[in-house]
Amino acid sequence: MGAPPTRPADRALTKPRRRLTSAVAALIALLAVGAGVLVGLSTPAPAPADAPEREFSAARAYRNVEVIAAEPHVAGSAANDRVREHLVATLRGLGLQTEVQDAVAPEAGQLSGAAGGATLARVRNVVARLPGTDPTGKVFLVSHYDSVQTGPGGNDDAAGTATILEVARALTTGPRPRNDIVFVLTDAEEACLCGAAGFAADHPLARDGGVVLNLEARGSTGPVIMFETSRNNAKLVEVFGKAAPHPVGTSFAVEIYRALPNDTDFTAFLDRKFVGLNSAYIDGGAIYHTPLDVPARVDRGSLQMHGDNALGLAREFGRTDLGDLRAGHDDTYFPVLGGLVSYPGWLTLPLAVAALLAVGALGWLLRRRGRATAGTLAAGFGLTLLPVVVAPLGAWLLWAAITTIRPGYAELLDPYRPVWYRLAVVALSAAVLFCWYALLRRRVGPAALAFGGLAWLAVFGVLLAVAVPGGAYLTTLPALAGALAGFAALATRRDGPWPVVAVTLAAAVAVVILLPPVVLLFPALGMGMGAVAALVAVLLGLAVLPVVDLLHPRAGGQRGLLALRARRLGALPAAAAALAAVVLAGVGLAVDRFDAAHPVPTHLMYALDAGTGKATWLTREEKPQPWTDGYVDGTVSVADDFPGLGNSEMRAGPAAAAPLPAPKVDVLSDTRTGDQRVLRLRVVPQRQVRLLTLHVDTSTATVRSASVAGRDVPVEPGDGRWGFGIVFHAPPPEGVEVTLTLVPGSGAVSVRAMDASDGLSGVPGFRPRPPDVGVVGSHSSEMLAVARTYPL
């Protein structure tokens, strides 16, 4: 027996008698929930310098930020030596056992791009220990104290280092913890993560592993997000939710970060089977790695949140039995109104399947109750893909148009004032959704469109449960809540208050779950990937469609002028959202202009071949800014002349040769055994530099093995002429010893040595930047490289 005919007026889940009153009440409720979500993501008020001594004080920590980030302090520099001396004096002043680990360490991750070879650095880590009363293990608080060459690192990572100093002070004022607390302030993180790798691999305190709490920053403001964990994190997440006063973190972020080619010091510890949590604040990314990352740009609220969480976690792990922190599974978790909700990861797929079945049952019940037909249900499901595709595409096109008007944005992680653009993307997503809904509502019906939205949420939930389990909750739980609300609405009188209450509660669940990722994805991925936030915003819109429906006139039955009036009223939300998107984007362009305080970022390098006397200006800008364009006029590959800079193509232009010496290669010994030749070399810089490279011409010899400063390094020849290379950061003035075991060819073995320093002010032909032209946050900005080939 088929379903009864569906009248247009009967196609909705709700049919309140006072439609406007119901709509206003539902919107007020959702706005209140949204406000609660935003409050839960906000930073706390910074504690003053006279806060109780056992508490964390952002004001006290900031004093150390000012000392640490007084100037750029790249690994190996005299400025970094001064920072290290301050750290040692501060920790020893707290009565802690403090030492400096001086070592040569390999990189963790893949940051340097050494051509088929290895990256190392001389590191000097600061390590202090607070002994426990009855240790079951060790808790490691980790941050890096070096900065990039282009900025003083007020946020990255003076803020994290100062946080650890203040946490150490607070921990020493009370009873000693049960477990050892080890404070590890690493060197050469910006270069290669080498400090953390050297500590985790070689330091006696790291031998038995432990719990790592790594503190980072990739911006200047915003909530501190716990964005990465070790695997099988259920017990770690339990402690995080219980002990961190501001537990902002999602299993979705962990899944995404694991898939990205990004690394922090935390990577070095994971490689050594430690467990732990990685946290950072990430908004305000425009100043990341730039000269603008000064102490004054550190948000004291973000600093307070860093410290509150780090201190709470240090105390909790300090008294926890650390022998049993590896659960057999990852947890799914997400923030809810200032707290943290979690459940076992093994529930992910069953919940996703349950949501899919529940939405399917809702569709069957809608058809049975005459709210939809099989055809409208199918149409609702199929047509829901339109906003899911169109909104992200629209966000991408919007940003493409904005970067065409303001090309300097292409070199920024995020605009200086991104809020207007973010709101424009959200408004554009709303406009797409409202327009789609207004066009299809009368033809397909509100109930069928609501079913289509829930069905796609449920389908995405199953797909995520299989591919990205930690992110499945984003769509599974709203789909399940929406299906249950649909059942409740169908079980009660449609013109009573309960259907509206039911769909509003389900919409509130969607707001609690999906609004945080909309907010956090913008700073996490930048406006260049604002389409991802637009997608999540549309998914949120699909989850609240029954409430959106209340903004429209009754679902059908009107004729003539009434029908025309209903269509016009239905178009108002879409028109308002579209107008808002245009206005917000325009305000963004008007407000976020480049000036002396917010300069347009530029990238420039100088490279000299000391053997031929040929010099070149280089930039990684794909479309050079006007200032940079005055130096470059074509595209070249630097792989043959400067293999230490990688193998990518760059824009280039001729430059005057500066009287700068290349690093010297001294042969300490040259022996032969059978077909093998063993060369022991010393590569010595002839000026103050921050890195040395040595590459072997693999057409003249095959590298069998290699060691640097007595440490064996992997030999994995790459492509091109210089197929094997070594990059050494923070080299000592006496140089670096390299031993190569080779199978030589018929002639001399050729090696190419390069060194690099920072600063272009003394280079012939360099014109200082105008006040509104800045330096892009790059490890190669302002680099001055000198190379030479040596036949051996």
# chains A, B, ... in the order shown; residues from 1 in each chain; ligands from 1
call {"tool": "select_by_dssp", "arguments": {"residues": "region 558-725 of chain A", "states": "alpha helix (DSSP H)", "output": "MDAnalysis selection string"}}
result
chainID A and resid 561:591 626:629
call {"tool": "residues_around", "arguments": {"residues": "Pro744 (chain A)", "least_positions_apart": "3", "cutoff": "9 Å", "atoms": "only C-alpha atoms", "output": "JSON list (two decimals) with all heavy atoms, in the first residue's frame"}}
result
[["chain", "number", "residue", "atom", "x", "y", "z"],
["A", 675, "ASP", "N", 88.79, -0.99, -4.41],
["A", 675, "ASP", "CA", 88.19, -0.03, -5.32],
["A", 675, "ASP", "C", 87.62, 1.19, -4.59],
["A", 675, "ASP", "O", 87.00, 2.06, -5.20],
["A", 675, "ASP", "CB", 87.09, -0.69, -6.15],
["A", 675, "ASP", "CG", 85.89, -1.12, -5.30],
["A", 675, "ASP", "OD1", 86.08, -1.28, -4.08],
["A", 675, "ASP", "OD2", 84.80, -1.29, -5.87],
["A", 676, "GLN", "N", 87.81, 1.24, -3.27],
["A", 676, "GLN", "CA", 87.23, 2.32, -2.48],
["A", 676, "GLN", "C", 88.27, 3.39, -2.14],
["A", 676, "GLN", "O", 89.44, 3.08, -1.92],
["A", 676, "GLN", "CB", 86.62, 1.77, -1.18],
["A", 676, "GLN", "CG", 85.39, 0.91, -1.41],
["A", 676, "GLN", "CD", 84.69, 0.58, -0.12],
["A", 676, "GLN", "OE1", 83.51, 0.31, -0.12],
["A", 676, "GLN", "NE2", 85.39, 0.60, 0.99],
["A", 677, "ARG", "N", 87.81, 4.59, -2.08],
["A", 677, "ARG", "CA", 88.63, 5.73, -1.69],
["A", 677, "ARG", "C", 87.98, 6.38, -0.48],
["A", 677, "ARG", "O", 86.78, 6.71, -0.51],
["A", 677, "ARG", "CB", 88.74, 6.73, -2.83],
["A", 677, "ARG", "CG", 89.62, 7.95, -2.54],
["A", 677, "ARG", "CD", 89.63, 8.88, -3.76],
["A", 677, "ARG", "NE", 90.45, 10.06, -3.52],
["A", 677, "ARG", "CZ", 90.55, 11.09, -4.36],
["A", 677, "ARG", "NH1", 89.86, 11.06, -5.51],
["A", 677, "ARG", "NH2", 91.31, 12.13, -4.07],
["A", 700, "THR", "N", 81.15, 11.67, -10.71],
["A", 700, "THR", "CA", 82.59, 11.44, -10.52],
["A", 700, "THR", "C", 82.87, 10.40, -9.45],
["A", 700, "THR", "O", 84.00, 9.92, -9.34],
["A", 700, "THR", "CB", 83.30, 12.74, -10.11],
["A", 700, "THR", "OG1", 82.81, 13.18, -8.83],
["A", 700, "THR", "CG2", 83.05, 13.84, -11.14],
["A", 701, "ALA", "N", 81.87, 10.05, -8.63],
["A", 701, "ALA", "CA", 82.08, 9.05, -7.58],
["A", 701, "ALA", "C", 80.73, 8.60, -7.05],
["A", 701, "ALA", "O", 79.75, 9.35, -7.09],
["A", 701, "ALA", "CB", 82.93, 9.61, -6.45],
["A", 702, "THR", "N", 80.72, 7.37, -6.56],
["A", 702, "THR", "CA", 79.54, 6.83, -5.88],
["A", 702, "THR", "C", 79.81, 6.79, -4.38],
["A", 702, "THR", "O", 80.83, 6.24, -3.95],
["A", 702, "THR", "CB", 79.20, 5.42, -6.38],
["A", 702, "THR", "OG1", 78.96, 5.47, -7.79],
["A", 702, "THR", "CG2", 77.98, 4.86, -5.68],
["A", 703, "VAL", "N", 78.93, 7.38, -3.60],
["A", 703, "VAL", "CA", 79.12, 7.43, -2.15],
["A", 703, "VAL", "C", 78.60, 6.13, -1.54],
["A", 703, "VAL", "O", 77.43, 5.78, -1.69],
["A", 703, "VAL", "CB", 78.38, 8.64, -1.54],
["A", 703, "VAL", "CG1", 78.62, 8.69, -0.02],
["A", 703, "VAL", "CG2", 78.85, 9.93, -2.20],
["A", 747, "GLY", "N", 88.19, 10.11, -13.16],
["A", 747, "GLY", "CA", 88.91, 11.35, -12.93],
["A", 747, "GLY", "C", 88.83, 11.78, -11.48],
["A", 747, "GLY", "O", 88.63, 10.97, -10.56],
["A", 748, "ALA", "N", 89.01, 13.10, -11.26],
["A", 748, "ALA", "CA", 88.96, 13.64, -9.91],
["A", 748, "ALA", "C", 87.53, 13.62, -9.38],
["A", 748, "ALA", "O", 86.56, 13.75, -10.13],
["A", 748, "ALA", "CB", 89.50, 15.07, -9.91],
["A", 749, "VAL", "N", 87.44, 13.46, -8.08],
["A", 749, "VAL", "CA", 86.14, 13.55, -7.41],
["A", 749, "VAL", "C", 85.84, 15.02, -7.18],
["A", 749, "VAL", "O", 86.66, 15.77, -6.67],
["A", 749, "VAL", "CB", 86.17, 12.79, -6.06],
["A", 749, "VAL", "CG1", 84.86, 13.00, -5.32],
["A", 749, "VAL", "CG2", 86.45, 11.33, -6.29]]
call {"tool": "atom_distance", "arguments": {"atom1": "CA of Arg84 (chain A)", "atom2": "CA of Asp102 (chain A)"}}
result
11.9 Å
call {"tool": "residues_around", "arguments": {"residues": "Arg207 (chain A)", "least_positions_apart": "5", "cutoff": "12 Å", "atoms": "only C-alpha atoms", "output": "list of chain:residue names"}}
result
A:Gly137, A:Lys138, A:Gly198, A:Phe199, A:Ala200, A:Ala201, A:Asp202, A:Phe269, A:Arg272, A:Lys273, A:Phe274
call {"tool": "residues_around", "arguments": {"residues": "Leu27 (chain A)", "least_positions_apart": "4", "cutoff": "8 Å", "atoms": "only C-alpha atoms", "output": "list in words"}}
result
Ala23, Leu31 and Val547 of chain A
call {"tool": "residues_around", "arguments": {"residues": "region 393-405 of chain A", "least_positions_apart": "5", "cutoff": "9 Å", "atoms": "only C-alpha atoms", "output": "PyMOL selection string"}}
result
chain A and resi 410+421+424-426+428-429+432+527-534+585+589
call {"tool": "write_last_selection", "arguments": {"atoms": "N, CA, C and O atoms", "output": "compact mmCIF listing (two decimals), in the first residue's frame"}}
result
# COMPACT_ATOMS: atom_id res chain seq x y z
N ALA A 410 49.38 36.39 -1.33
CA ALA A 410 49.87 35.07 -1.74
C ALA A 410 51.08 34.63 -0.92
O ALA A 410 51.34 33.43 -0.79
N TYR A 421 37.39 38.74 6.24
CA TYR A 421 37.37 37.77 5.15
C TYR A 421 36.76 36.44 5.61
O TYR A 421 36.04 35.78 4.85
N ALA A 424 33.18 36.83 5.62
CA ALA A 424 32.68 36.86 4.24
C ALA A 424 32.49 35.44 3.69
O ALA A 424 31.50 35.15 3.00
N VAL A 425 33.43 34.55 4.00
CA VAL A 425 33.30 33.16 3.55
C VAL A 425 32.10 32.49 4.20
O VAL A 425 31.34 31.76 3.55
N VAL A 426 31.90 32.73 5.49
CA VAL A 426 30.74 32.15 6.18
C VAL A 426 29.45 32.71 5.58
O VAL A 426 28.49 31.95 5.34
N LEU A 428 29.03 33.89 2.57
CA LEU A 428 28.88 33.32 1.22
C LEU A 428 28.33 31.90 1.30
O LEU A 428 27.45 31.52 0.52
N SER A 429 28.83 31.10 2.25
CA SER A 429 28.31 29.74 2.42
C SER A 429 26.84 29.77 2.78
O SER A 429 26.04 28.96 2.27
N VAL A 432 24.77 30.63 -0.35
CA VAL A 432 24.60 29.47 -1.22
C VAL A 432 23.53 28.54 -0.66
O VAL A 432 22.63 28.07 -1.39
N MET A 527 43.47 31.51 4.80
CA MET A 527 42.39 31.87 3.88
C MET A 527 42.55 31.19 2.53
O MET A 527 41.57 31.00 1.81
N GLY A 528 43.76 30.82 2.16
CA GLY A 528 43.95 30.10 0.90
C GLY A 528 43.20 28.79 0.86
O GLY A 528 42.90 28.28 -0.23
N MET A 529 42.91 28.21 2.02
CA MET A 529 42.11 26.99 2.10
C MET A 529 40.82 27.24 2.86
O MET A 529 40.28 26.36 3.54
N GLY A 530 40.31 28.46 2.73
CA GLY A 530 39.03 28.79 3.36
C GLY A 530 37.88 27.95 2.84
O GLY A 530 36.84 27.86 3.49
N ALA A 531 38.08 27.30 1.70
CA ALA A 531 37.03 26.43 1.16
C ALA A 531 36.72 25.28 2.11
O ALA A 531 35.59 24.80 2.14
N VAL A 532 37.71 24.84 2.89
CA VAL A 532 37.47 23.74 3.83
C VAL A 532 36.53 24.21 4.94
O VAL A 532 35.59 23.52 5.32
N ALA A 533 36.77 25.43 5.45
CA ALA A 533 35.87 25.99 6.46
C ALA A 533 34.49 26.22 5.86
O ALA A 533 33.46 26.02 6.54
N ALA A 534 34.43 26.61 4.59
CA ALA A 534 33.14 26.80 3.93
C ALA A 534 32.37 25.48 3.86
O ALA A 534 31.15 25.45 4.04
N ALA A 585 33.65 41.30 2.50
CA ALA A 585 34.87 41.23 1.70
C ALA A 585 35.38 42.62 1.37
O ALA A 585 36.59 42.89 1.42
N LEU A 589 39.01 44.37 2.44
CA LEU A 589 39.96 45.03 1.55
C LEU A 589 40.24 46.47 2.00
O LEU A 589 41.37 46.96 1.85
call {"tool": "residues_around", "arguments": {"residues": "Asp321 (chain A)", "least_positions_apart": "6", "cutoff": "9 Å", "atoms": "only C-alpha atoms", "output": "PyMOL selection string"}}
result
chain A and resi 135-137+178-179
call {"tool": "write_last_selection", "arguments": {"atoms": "all heavy atoms", "output": "mmCIF file, in the first residue's frame"}}
result
data_model
loop_
_atom_site.group_PDB
_atom_site.id
_atom_site.type_symbol
_atom_site.label_atom_id
_atom_site.label_comp_id
_atom_site.auth_asym_id
_atom_site.auth_seq_id
_atom_site.Cartn_x
_atom_site.Cartn_y
_atom_site.Cartn_z
ATOM 1 N N PRO A 135 59.267 8.139 41.759
ATOM 2 C CA PRO A 135 58.967 8.193 40.327
ATOM 3 C C PRO A 135 58.462 6.872 39.749
ATOM 4 O O PRO A 135 58.989 5.799 40.056
ATOM 5 C CB PRO A 135 60.314 8.569 39.699
ATOM 6 C CG PRO A 135 61.130 9.133 40.808
ATOM 7 C CD PRO A 135 60.681 8.417 42.042
ATOM 8 N N THR A 136 57.436 6.999 38.916
ATOM 9 C CA THR A 136 57.002 5.887 38.069
ATOM 10 C C THR A 136 57.391 6.161 36.621
ATOM 11 O O THR A 136 57.071 5.375 35.733
ATOM 12 C CB THR A 136 55.483 5.700 38.155
ATOM 13 O OG1 THR A 136 54.832 6.872 37.627
ATOM 14 C CG2 THR A 136 55.036 5.478 39.593
ATOM 15 N N GLY A 137 58.050 7.283 36.383
ATOM 16 C CA GLY A 137 58.461 7.679 35.045
ATOM 17 C C GLY A 137 58.790 9.158 35.042
ATOM 18 O O GLY A 137 58.907 9.795 36.093
ATOM 19 N N ARG A 178 55.338 13.418 42.470
ATOM 20 C CA ARG A 178 55.741 12.010 42.595
ATOM 21 C C ARG A 178 56.747 11.645 41.505
ATOM 22 O O ARG A 178 57.724 10.939 41.759
ATOM 23 C CB ARG A 178 54.491 11.131 42.490
ATOM 24 C CG ARG A 178 54.773 9.645 42.483
ATOM 25 C CD ARG A 178 53.503 8.870 42.209
ATOM 26 N NE ARG A 178 53.702 7.431 42.229
ATOM 27 C CZ ARG A 178 52.759 6.532 41.949
ATOM 28 N NH1 ARG A 178 51.542 6.931 41.633
ATOM 29 N NH2 ARG A 178 53.036 5.235 41.982
ATOM 30 N N ASN A 179 56.486 12.085 40.284
ATOM 31 C CA ASN A 179 57.330 11.722 39.145
ATOM 32 C C ASN A 179 58.335 12.830 38.841
ATOM 33 O O ASN A 179 58.110 14.009 39.155
ATOM 34 C CB ASN A 179 56.462 11.470 37.910
ATOM 35 C CG ASN A 179 55.518 10.307 38.107
ATOM 36 O OD1 ASN A 179 55.922 9.252 38.587
ATOM 37 N ND2 ASN A 179 54.251 10.498 37.755
#
call {"tool": "closest_atom_pairs", "arguments": {"of": "region 676-730 of chain A", "to": "region 115-132 of chain A", "cutoff": "10 Å", "atoms": "only C-alpha atoms", "output": "Markdown table"}}
result
| residue | atom | partner | partner_atom | distance |
| --- | --- | --- | --- | --- |
| A:Arg690 | CA | A:Ala121 | CA | 9.8 |
| A:Leu691 | CA | A:Ala121 | CA | 8.5 |
| A:Leu692 | CA | A:Ala121 | CA | 9.8 |
| A:Thr693 | CA | A:Thr119 | CA | 9.0 |
| A:Leu694 | CA | A:Gly117 | CA | 9.7 |
| A:His695 | CA | A:Ala115 | CA | 7.9 |
| A:Val696 | CA | A:Ala115 | CA | 9.8 |
| A:Ala706 | CA | A:Gly117 | CA | 9.5 |
| A:Ser707 | CA | A:Ala118 | CA | 9.7 |
| A:Val708 | CA | A:Leu120 | CA | 8.2 |
| A:Ala709 | CA | A:Leu120 | CA | 9.5 |
| A:Arg711 | CA | A:Leu120 | CA | 9.4 |
| A:Asp712 | CA | A:Ala118 | CA | 9.7 |
| A:Val713 | CA | A:Ala118 | CA | 6.2 |
| A:Pro714 | CA | A:Ala118 | CA | 6.5 |
| A:Val715 | CA | A:Gly117 | CA | 6.0 |
| A:Glu716 | CA | A:Gly116 | CA | 5.3 |
| A:Pro717 | CA | A:Gly116 | CA | 4.6 |
| A:Gly718 | CA | A:Gly116 | CA | 4.0 |
| A:Asp719 | CA | A:Gly116 | CA | 7.4 |
| A:Gly720 | CA | A:Ala115 | CA | 8.7 |
| A:Arg721 | CA | A:Ala115 | CA | 9.8 |
| A:Trp722 | CA | A:Ala115 | CA | 7.1 |
| A:Gly723 | CA | A:Gly116 | CA | 5.8 |
| A:Phe724 | CA | A:Gly116 | CA | 4.9 |
| A:Gly725 | CA | A:Gly117 | CA | 4.4 |
| A:Ile726 | CA | A:Ala118 | CA | 5.0 |
| A:Val727 | CA | A:Thr119 | CA | 4.6 |
| A:Phe728 | CA | A:Leu120 | CA | 4.9 |
| A:His729 | CA | A:Ala121 | CA | 4.4 |
| A:Ala730 | CA | A:Arg122 | CA | 5.6 |
call {"tool": "atom_distance", "arguments": {"atom1": "CA of Ala69 (chain A)", "atom2": "CA of Ala158 (chain A)"}}
result
6.1 Å
call {"tool": "residues_around", "arguments": {"residues": "region 592-600 of chain A", "least_positions_apart": "4", "cutoff": "6 Å", "atoms": "only C-alpha atoms", "output": "PDB file with all heavy atoms, in the first residue's frame"}}
result
ATOM      1  N   GLY A 408      49.793  40.596  -2.653  1.00  0.00           N
ATOM      2  CA  GLY A 408      50.703  40.339  -1.538  1.00  0.00           C
ATOM      3  C   GLY A 408      50.212  39.267  -0.591  1.00  0.00           C
ATOM      4  O   GLY A 408      50.997  38.659   0.151  1.00  0.00           O
ATOM      5  N   ARG A 417      44.607  41.130   9.145  1.00  0.00           N
ATOM      6  CA  ARG A 417      43.303  41.281   9.802  1.00  0.00           C
ATOM      7  C   ARG A 417      42.315  40.372   9.070  1.00  0.00           C
ATOM      8  O   ARG A 417      41.540  40.825   8.225  1.00  0.00           O
ATOM      9  CB  ARG A 417      42.848  42.737   9.743  1.00  0.00           C
ATOM     10  CG  ARG A 417      43.883  43.746  10.270  1.00  0.00           C
ATOM     11  CD  ARG A 417      43.412  45.172   9.973  1.00  0.00           C
ATOM     12  NE  ARG A 417      44.407  46.175  10.300  1.00  0.00           N
ATOM     13  CZ  ARG A 417      45.337  46.622   9.455  1.00  0.00           C
ATOM     14  NH1 ARG A 417      45.441  46.105   8.236  1.00  0.00           N
ATOM     15  NH2 ARG A 417      46.186  47.559   9.819  1.00  0.00           N
ATOM     16  N   GLY A 588      36.981  44.050   4.395  1.00  0.00           N
ATOM     17  CA  GLY A 588      38.292  43.435   4.564  1.00  0.00           C
ATOM     18  C   GLY A 588      39.345  44.109   3.702  1.00  0.00           C
ATOM     19  O   GLY A 588      40.458  44.423   4.175  1.00  0.00           O
ATOM     20  N   PRO A 771      59.408  51.330   3.997  1.00  0.00           N
ATOM     21  CA  PRO A 771      58.744  50.954   5.259  1.00  0.00           C
ATOM     22  C   PRO A 771      57.585  49.986   5.087  1.00  0.00           C
ATOM     23  O   PRO A 771      57.325  49.171   5.978  1.00  0.00           O
ATOM     24  CB  PRO A 771      58.258  52.306   5.801  1.00  0.00           C
ATOM     25  CG  PRO A 771      59.179  53.314   5.201  1.00  0.00           C
ATOM     26  CD  PRO A 771      59.518  52.781   3.837  1.00  0.00           C
ATOM     27  N   ASP A 772      56.861  50.058   3.951  1.00  0.00           N
ATOM     28  CA  ASP A 772      55.698  49.193   3.781  1.00  0.00           C
ATOM     29  C   ASP A 772      56.036  47.881   3.066  1.00  0.00           C
ATOM     30  O   ASP A 772      55.135  47.156   2.637  1.00  0.00           O
ATOM     31  CB  ASP A 772      54.591  49.917   3.015  1.00  0.00           C
ATOM     32  CG  ASP A 772      55.017  50.351   1.627  1.00  0.00           C
ATOM     33  OD1 ASP A 772      56.242  50.352   1.348  1.00  0.00           O
ATOM     34  OD2 ASP A 772      54.140  50.689   0.818  1.00  0.00           O
ATOM     35  N   VAL A 773      57.319  47.570   2.931  1.00  0.00           N
ATOM     36  CA  VAL A 773      57.767  46.307   2.342  1.00  0.00           C
ATOM     37  C   VAL A 773      58.476  45.508   3.420  1.00  0.00           C
ATOM     38  O   VAL A 773      59.436  45.988   4.031  1.00  0.00           O
ATOM     39  CB  VAL A 773      58.695  46.536   1.131  1.00  0.00           C
ATOM     40  CG1 VAL A 773      59.223  45.207   0.601  1.00  0.00           C
ATOM     41  CG2 VAL A 773      57.949  47.286   0.032  1.00  0.00           C
ATOM     42  N   GLY A 774      57.997  44.293   3.665  1.00  0.00           N
ATOM     43  CA  GLY A 774      58.555  43.475   4.734  1.00  0.00           C
ATOM     44  C   GLY A 774      59.227  42.216   4.223  1.00  0.00           C
ATOM     45  O   GLY A 774      59.471  42.056   3.019  1.00  0.00           O
TER      46      GLY A 774
END
call {"tool": "closest_residue", "arguments": {"among": "A:Ala105, A:Ala159, A:Val341, A:Val390", "to": "Ala234 (chain A)", "atoms": "only C-alpha atoms"}}
result
A:Val341
call {"tool": "select_by_dssp", "arguments": {"residues": "region 257-386 of chain A", "states": "strand (DSSP E)", "output": "ChimeraX atom specification"}}
result
/A:275-283,331-336,339-344
call {"tool": "write_last_selection", "arguments": {"atoms": "C-alpha atoms", "output": "compact mmCIF listing (two decimals), in the first residue's frame"}}
result
# COMPACT_ATOMS: atom_id res chain seq x y z
CA VAL A 275 53.83 9.38 24.47
CA GLY A 276 52.43 12.84 24.87
CA LEU A 277 50.52 15.89 23.73
CA ASN A 278 51.44 18.75 21.39
CA SER A 279 49.82 22.17 21.87
CA ALA A 280 50.00 25.56 20.16
CA TYR A 281 48.07 28.72 19.49
CA ILE A 282 47.82 29.43 15.79
CA ASP A 283 45.81 32.56 15.03
CA ASP A 331 39.72 8.36 21.65
CA THR A 332 37.32 10.54 19.72
CA TYR A 333 37.09 13.88 21.50
CA PHE A 334 36.00 17.47 20.97
CA PRO A 335 35.39 20.65 23.02
CA VAL A 336 31.94 21.34 24.41
CA GLY A 339 34.89 21.15 28.60
CA LEU A 340 35.93 18.09 26.64
CA VAL A 341 33.72 15.21 25.53
CA SER A 342 35.38 11.94 24.60
CA TYR A 343 34.41 8.39 23.79
CA PRO A 344 36.36 5.30 22.70
call {"tool": "closest_residue", "arguments": {"among": "A:Glu66, A:Glu649, A:Asp640, A:Asp633", "to": "Asp293 (chain A)", "atoms": "only C-alpha atoms"}}
result
A:Glu66
call {"tool": "closest_residue", "arguments": {"among": "A:Ala103, A:Ala491, A:Leu449, A:Ala243", "to": "Glu316 (chain A)", "atoms": "only C-alpha atoms"}}
result
A:Ala243
